[in-house]
Amino acid sequence: MKRREALKYLSVTPLAGGIVGATAKAAAPEAAMAAQARGLVEDLGIRSFINAAGTYTAMTASLMQPEVIQAIQTSSRKFMMLDEVQDRVGEKIAALCHAEAAMVTAGCWSALVLGTAGVLTGTDLKKVAQLPNVDGLKSEVIVQKAHNTGYVHALTNTGIKIVEIETPADFEAAVSDRTAMTWFLNAAANDGAIRHEEWIALCHKHGIPAMIDMAADVPPVENLWKYNDLGFDLVCVSGGKAIKGPQSAGILMGRKDLIAAARLNAPPRGGNIGRGMKVNKEEILGMYVALDKYIKTDHEKEWKDWENRVATIEQAVKKVAGVSTNVTVPPIANHTPTLTITWDNRVKIKSQELIERLRMGNPSIEVMRNGEGVNLTVFMLEPGEAEIVAKRLHEELSAVV
Ligand SMILES: *Cc1c(COP(=O)(O)O)cnc(C)c1O
C-alpha cells in the first residue's frame, strides 16, 4: 500500500488504533505515541500549511519553540497547585517586564476582561460574585473614539459602559464618580488626539487606573516594559503572537493590588466572571519560557533574517514581467517587514485566484489578499520556507503570463 492509501485505510477502519498499537508493540509506549501523533493531523484530514500571512488566530497564529514544548511536556507529568504556579511565574514575568506583578491569562482578550473585572471589584468577594451586574459599582471606562474598536467587547463583558471621548477637554468632562478606569488601544496610538504620556497624566490627575492593550505590539521587544515604565496601571499582551507562547495564553501585568484583584475573578476560584478563562499549568509555564526566550532573542539578527527572506521572495517574483513589489513595516502592531506583491495586466490572474492556488498547492501556503495584490509576512516562516514560498509564487505568476 502506498502511504497515502495506508493513511486513508487507517483513518476509516475502526481497528486503526489496534493496528498502530500492534506494529509498535516492541517499542516503548512513548515512541508508539509519538509515531501515532506524527500522523494525527494527516489522519484527520486537517490541512497544515506554510504561514506567510501572519499571526492570525484563525490560522493558529504562531508555532511554539522547542523550549516551550519541553516546558509543557515536563510540567504535564506533575501535579501542582495552580495558584502557586501563577505566583512564581507572575513574579518572574513581572521582573522581566518592569511590572509590580503579573499573571498569565487565556490570551490578551482574557487579560482585558480580568483586568477590568479586578478594577471594578477590588478584593471585595461580594463584588466579584455580582459581576457582570455593576449596580453600586463604578461602571464607566473612558476610551478615545479612534480606539473604540471591536476589542472593547472584552471590557463590556464585565458590565461596564464605554464613554467615548476625543480631546483632553472631553476627557475632563467625562470624568465622574462613575469612572472606573480608562482603556488605551496601543495599535491606534497614532490615530487618537491624546498620546500615551498625556493620557496617563490625565488619568493619574483624577486617580483613575489606565489600562493599555498592546496585544500584537512586539516587536520591538522594549514594548514589553515601555508601557509599565510609562506608568500604565495595567498592561495586556498576547502570548501566542510574535512571542510564540501558547496560542491560548496572554499576560496581564501592572499594579500589585490590581493583579491580586484580577486573580480573584479567575480560576482556580469559581462563581466569578472569569471561571471559563482557565489557563492550565502547562500554558502558564510555557508562557513564561516563551517570554524569557523571546526577550533573550538576538532581535537584530532576527530582523536581518526577515529581510533576507523578504528579499528571497522579492527576487523570485520580480523575474516575472509585470510583477512589482513593495516592502513596508507597520508602525505599531505586527511591526515586521511586510511584502506587497502586485502585477499589471500582463499577469492574468486575480489575487483571490492566486491565493487559492497557493492554498491548494503542495505544500499549501497561506498569504493575505491586499486588493488586486497579495501581502506576505515572513516572521512566522520556519527555516527554509521562504525559498519554497518564493518558488511557488514564481511558478504560479509565471504560469499565467
Ligand atoms: C489579538 C488581539 C487581541 C486578542 O488577543 P488574544 O491573545 O488572541 O486573546 C486583543 N487586542 C488586540 C489589539 C489584538 O490584536
# chains A, B, ... in the order shown; residues from 1 in each chain; ligands from 1
>>> closest_atom_pairs(of="chain A", to="ligand 1", cutoff="9 Å", atoms="only C-alpha atoms and all ligand atoms", output="CSV")
residue,atom,partner,partner_atom_place_in_ligand_line,distance
A:Thr55,CA,ligand 1,1 (C),8.4
A:Tyr56,CA,ligand 1,1 (C),7.9
A:Thr57,CA,ligand 1,8 (O),6.3
A:Ala61,CA,ligand 1,8 (O),8.6
A:Thr105,CA,ligand 1,9 (O),8.7
A:Ala106,CA,ligand 1,9 (O),6.7
A:Gly107,CA,ligand 1,7 (O),3.5
A:Cys108,CA,ligand 1,7 (O),3.8
A:Trp109,CA,ligand 1,9 (O),3.8
A:Ser110,CA,ligand 1,9 (O),6.1
A:Ala111,CA,ligand 1,9 (O),7.7
A:Leu112,CA,ligand 1,10 (C),7.8
A:Thr149,CA,ligand 1,13 (C),8.8
A:Gly150,CA,ligand 1,11 (N),8.7
A:Tyr151,CA,ligand 1,11 (N),5.7
A:Val152,CA,ligand 1,11 (N),8.7
A:Ala154,CA,ligand 1,10 (C),8.4
A:Leu185,CA,ligand 1,13 (C),6.5
A:Asn186,CA,ligand 1,13 (C),7.4
A:Ala187,CA,ligand 1,13 (C),6.3
A:Ala188,CA,ligand 1,13 (C),8.6
A:Asp213,CA,ligand 1,11 (N),5.9
A:Met214,CA,ligand 1,13 (C),6.2
A:Ala215,CA,ligand 1,14 (C),4.6
A:Ala216,CA,ligand 1,15 (O),4.9
A:Asp217,CA,ligand 1,15 (O),7.9
A:Cys236,CA,ligand 1,10 (C),8.2
A:Val237,CA,ligand 1,7 (O),6.8
A:Ser238,CA,ligand 1,7 (O),3.8
A:Gly239,CA,ligand 1,7 (O),6.0
A:Gly240,CA,ligand 1,7 (O),6.2
A:Lys241,CA,ligand 1,7 (O),7.2
A:Gln247,CA,ligand 1,7 (O),7.0
A:Ser248,CA,ligand 1,7 (O),6.6
A:Ala249,CA,ligand 1,7 (O),6.4
A:Gly250,CA,ligand 1,7 (O),5.5
A:Ile251,CA,ligand 1,7 (O),8.6
A:Ala333,CA,ligand 1,15 (O),7.3
A:Asn334,CA,ligand 1,15 (O),8.6
>>> residues_around(residues="Met360 of chain A", least_positions_apart="3", cutoff="12 Å", atoms="only C-alpha atoms", output="NGL selection string")
:A and (47-50 or 353-357 or 363-366 or 392 or 396)
>>> atom_distance(atom1="atom CA of Ser62 of chain A", atom2="atom CA of Ala242 of chain A")
7.1 Å
>>> closest_atom_pairs(of="segment 247-277 of chain A", to="segment 116-129 of chain A", cutoff="10 Å", atoms="only C-alpha atoms", output="Markdown table")
| residue | atom | partner | partner_atom | distance |
| --- | --- | --- | --- | --- |
| A:Asp257 | CA | A:Gly122 | CA | 7.7 |
| A:Leu258 | CA | A:Gly118 | CA | 5.8 |
| A:Ile259 | CA | A:Gly118 | CA | 7.1 |
| A:Ala260 | CA | A:Thr123 | CA | 7.4 |
| A:Ala261 | CA | A:Gly118 | CA | 4.5 |
| A:Ala262 | CA | A:Gly118 | CA | 3.9 |
| A:Arg263 | CA | A:Gly118 | CA | 7.5 |
| A:Leu264 | CA | A:Thr123 | CA | 7.0 |
| A:Asn265 | CA | A:Val128 | CA | 6.2 |
| A:Ala266 | CA | A:Ala117 | CA | 9.5 |
| A:Gly270 | CA | A:Ala129 | CA | 9.0 |
| A:Gly271 | CA | A:Ala129 | CA | 6.0 |
| A:Asn272 | CA | A:Ala129 | CA | 5.5 |
| A:Ile273 | CA | A:Val128 | CA | 7.7 |
| A:Gly274 | CA | A:Ala117 | CA | 8.7 |
>>> closest_atom_pairs(of="segment 39-153 of chain A", to="segment 169-181 of chain A", cutoff="7 Å", atoms="only C-alpha atoms", output="tab-separated table")
residue	atom	partner	partner_atom	distance
A:Val119	CA	A:Ala180	CA	6.9
A:Leu120	CA	A:Ala180	CA	6.6
A:Lys138	CA	A:Arg178	CA	4.4
A:Ser139	CA	A:Ala180	CA	5.6
A:Glu140	CA	A:Thr179	CA	4.7
A:Val141	CA	A:Met181	CA	5.1
A:Ile142	CA	A:Met181	CA	6.6
>>> residues_around(residues="Ala311 of chain A", least_positions_apart="3", cutoff="10 Å", atoms="only C-alpha atoms", output="list of chain:residue names")
A:Asp305, A:Trp306, A:Glu307, A:Asn308, A:Glu314, A:Gln315, A:Ala316, A:Val327, A:Leu339, A:Ala386, A:Ala390
>>> residues_around(residues="segment 279-295 of chain A", least_positions_apart="4", cutoff="9 Å", atoms="only C-alpha atoms", output="VMD selection string")
chain A and resid 64 to 65 67 to 76 79 to 82 85 to 86 89 to 90 92 to 93 96 103 to 106 221 to 222 224 239 to 240 242 to 251 267 299
>>> atom_distance(atom1="atom CA of Arg346 of chain A", atom2="atom CA of Val367 of chain A")
21.6 Å
>>> closest_residue(among="A:Gly371, A:Pro337, A:Asp344, A:Ile194", to="Ala53 of chain A", atoms="only C-alpha atoms")
A:Pro337
>>> select_by_dssp(residues="segment 192-250 of chain A", states="helix (DSSP H, G or I)", output="list in words")
His196, Glu197, Glu198, Trp199, Ile200, Ala201, Leu202, Cys203, His204, Lys205, Asn223, Leu224, Trp225, Lys226, Tyr227, Asn228, Asp229 and Leu230 of chain A
>>> write_last_selection(atoms="C-alpha atoms", output="PDB file, in the first residue's frame")
ATOM      1  CA  HIS A 196       0.467  57.892  25.877  1.00  0.00           C
ATOM      2  CA  GLU A 197       2.104  60.399  28.237  1.00  0.00           C
ATOM      3  CA  GLU A 198      -0.723  62.905  28.158  1.00  0.00           C
ATOM      4  CA  TRP A 199      -3.269  60.085  28.612  1.00  0.00           C
ATOM      5  CA  ILE A 200      -1.519  58.761  31.714  1.00  0.00           C
ATOM      6  CA  ALA A 201      -1.184  62.267  33.133  1.00  0.00           C
ATOM      7  CA  LEU A 202      -4.930  62.848  32.689  1.00  0.00           C
ATOM      8  CA  CYS A 203      -5.775  59.501  34.309  1.00  0.00           C
ATOM      9  CA  HIS A 204      -3.499  59.948  37.275  1.00  0.00           C
ATOM     10  CA  LYS A 205      -4.546  63.541  37.862  1.00  0.00           C
ATOM     11  CA  ASN A 223       7.430  47.471  24.348  1.00  0.00           C
ATOM     12  CA  LEU A 224       7.190  44.679  26.936  1.00  0.00           C
ATOM     13  CA  TRP A 225       8.417  47.117  29.591  1.00  0.00           C
ATOM     14  CA  LYS A 226       7.943  50.517  27.919  1.00  0.00           C
ATOM     15  CA  TYR A 227       4.298  50.892  28.973  1.00  0.00           C
ATOM     16  CA  ASN A 228       4.945  49.723  32.520  1.00  0.00           C
ATOM     17  CA  ASP A 229       7.779  52.266  32.730  1.00  0.00           C
ATOM     18  CA  LEU A 230       5.475  54.982  31.356  1.00  0.00           C
TER      19      LEU A 230
END
>>> closest_residue(among="A:Val374, A:Ile212, A:Ala189, A:Ala101", to="Ser351 of chain A", atoms="only C-alpha atoms")
A:Val374
>>> closest_residue(among="A:Pro209, A:Arg195, A:Ile160, A:Ala99", to="Gly136 of chain A", atoms="only C-alpha atoms")
A:Ile160
